[in-house]
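Only one structure is covered here, and it is reproduced in the block below.
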Amino acid sequence: MSRPQKSRRICCYPDYWSFAPDRDKANDTVTMSLDEFETIRQIDYFSKTQEECAREMNVARTTITAIYDAARKKLAQALVEGRRIVISGGNYTLDNTISEEIARKGSTIMRIAVTYENGQIFQHFGRTEQFKLYDVADGKIINEQVVGTNGAGHGALAGFLKNAQADVLICGGIGGGAQMAMQEAGITLYGGNTGGADEAVMAYLARALVQNANPTCDHHHEHEHGEGHACGDHGCGKH
C-alpha cells in the first residue's frame with residue numbers, strides 16, 4: 001500500500017485566482033494547485049531557498065523541488081503558449097492563525113460569520129476588522145461572539161474564516177477573488193447585504209435572506225485597498 005501524501009501547509013488563500021492574456025482570450029487553461037502557488041510565492045516572491053520553503057510548508061525539500069518544478073512548468077506554458085492560469089485545489093492545509101479565543105464547534109453546530117461594525121454588516125469584506133460569529137443548533141442561535149481579524153487581507157480573511165470553522169458568510173460588498181476563496185474554503189456566501197447583523201442572521205434562519213448573484217463592492221474598495229492588505233504584508237512567509 002502506498003504511503004498517504006502529506007498535506008502541504010500554506011499561509012493563506014491568494015488574493016487573485018486567475019490570470020489570462022489578452023482579456024481572457026486564452027488558448028487553453030492551466031490549473032495550478034494552491035500548494036504549487038505557495039512554492040512560487042515563497043521561493044520567487046519572497047526569495048526563499050527551497051530548504052526554507054520546505055520548513056514553511058512542513059514537508060521535505062525533495063517534495064518542494066517536485067512541486068516547484070511543476071509550478072514553474074505551468075507558468076512557462078501559460079506565458080509561452082498563451083494559456084489562462086487558474087489557481088484551485090491541491091493537497092494543503094491552511095496555517096492555523098485562528099485566535100485561541102474562538103471555541104471549536106461540534107459537527108452538529110452551524111457557524112455563521114458576519115462582517116461586523118457597531119452592530120451593522122460591514123460593507124467592504126477586504127477591510128473587515130471584526131466578524132460576529134453565531135453558532136446555531138436546531139435552527140436556534142446558541143452562542144454569539146465578536147472576534148478581531150488582526151488586519152488580515154482578502155486571502156487571509158478567507159483562511160481566517162475557514163480556520164474559525166465558519167459554514168456561512170454574510171457580508172456587504174466582496175470582490176471576485178474573495179468570492180473564489182469562499183468557494184475554495186467551502187463557505188456558503190451571502191454577499192451584498194446591508195443593515196443589522198443580528199437581523200440578517202435571523203432572516204437567514206427564516207430562509208428569507210437572498211443570495212446576491214453579484215455582490216461586488218460598488219465603491220471599488222476591494223481593489224483600491226486590496227494591495228495594502230495582501231498576504232505578503234501581514235507577516236506570513238516573512239522573517
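Each chain in the C-alpha cells gets a letter, A, B and so on, in the order shown; residues start at 1 in every chain, and ligands are counted from 1 in the order they appear.
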Write out as a PyMOL selection string the residues lying within 9 Å of Ile112 in chain A, counting only C-alpha atoms and excluding same-chain residues fewer than 6 positions away. chain A and resi 132-136+166-170+201
Keeping only C-alpha atoms, write the selected residues to a file as an mmCIF file, in the first residue's frame.
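What follows is the written file again.cif:
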```
data_model
loop_
_atom_site.group_PDB
_atom_site.id
_atom_site.type_symbol
_atom_site.label_atom_id
_atom_site.label_comp_id
_atom_site.auth_asym_id
_atom_site.auth_seq_id
_atom_site.Cartn_x
_atom_site.Cartn_y
_atom_site.Cartn_z
ATOM 1 C CA LYS A 132 -19.535 38.352 14.584
ATOM 2 C CA LEU A 133 -19.889 34.588 14.860
ATOM 3 C CA TYR A 134 -23.231 32.924 15.532
ATOM 4 C CA ASP A 135 -23.416 29.247 16.485
ATOM 5 C CA VAL A 136 -26.707 27.631 15.520
ATOM 6 C CA ALA A 166 -17.457 29.173 9.536
ATOM 7 C CA ASP A 167 -20.078 27.481 7.367
ATOM 8 C CA VAL A 168 -21.815 30.641 6.101
ATOM 9 C CA LEU A 169 -20.597 34.198 5.476
ATOM 10 C CA ILE A 170 -22.977 37.163 5.409
ATOM 11 C CA VAL A 201 -28.840 36.175 10.640
#
```
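Look at Ser7 in chain A: the protein and nucleic acid residues within 7 Å of it, using only C-alpha atoms and passing over chain neighbours fewer than 2 places away, are A:Gln5, A:Arg9, A:Asn91, A:Tyr92, A:Thr93.
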Next, write the just-selected residues to a file, as a PDB file, in the first residue's frame, keeping C-alpha atoms as the atom set.
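Once written, part-v9.pdb looks like this:
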```pdb
ATOM      1  CA  GLN A   5       0.684  12.047   0.783  1.00  0.00           C
ATOM      2  CA  ARG A   9       0.983  23.933   4.792  1.00  0.00           C
ATOM      3  CA  ASN A  91      -3.210  18.811  -1.122  1.00  0.00           C
ATOM      4  CA  TYR A  92      -2.826  21.508   1.512  1.00  0.00           C
ATOM      5  CA  THR A  93      -3.709  22.676   4.982  1.00  0.00           C
TER       6      THR A  93
END
```
I need the residues of range 79-233 of chain A that end up classed as strand (DSSP E) by DSSP on the backbone, written out as a PyMOL selection string. chain A and resi 84-87+92-94+110-117+120-121+130-137+140-148+168-170+188-190
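If only C-alpha atoms are the atoms counted, then among A:Ile40, A:Ile64, A:Ile102, A:Val30 the closest residue to Lys6 in chain A is A:Ile64.
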Residues near Val86 in chain A, cut-off 7 Å, only C-alpha atoms, skip fewer than 3 positions along chain, as a VMD selection string: chain A and resid 17 to 19 29 to 32
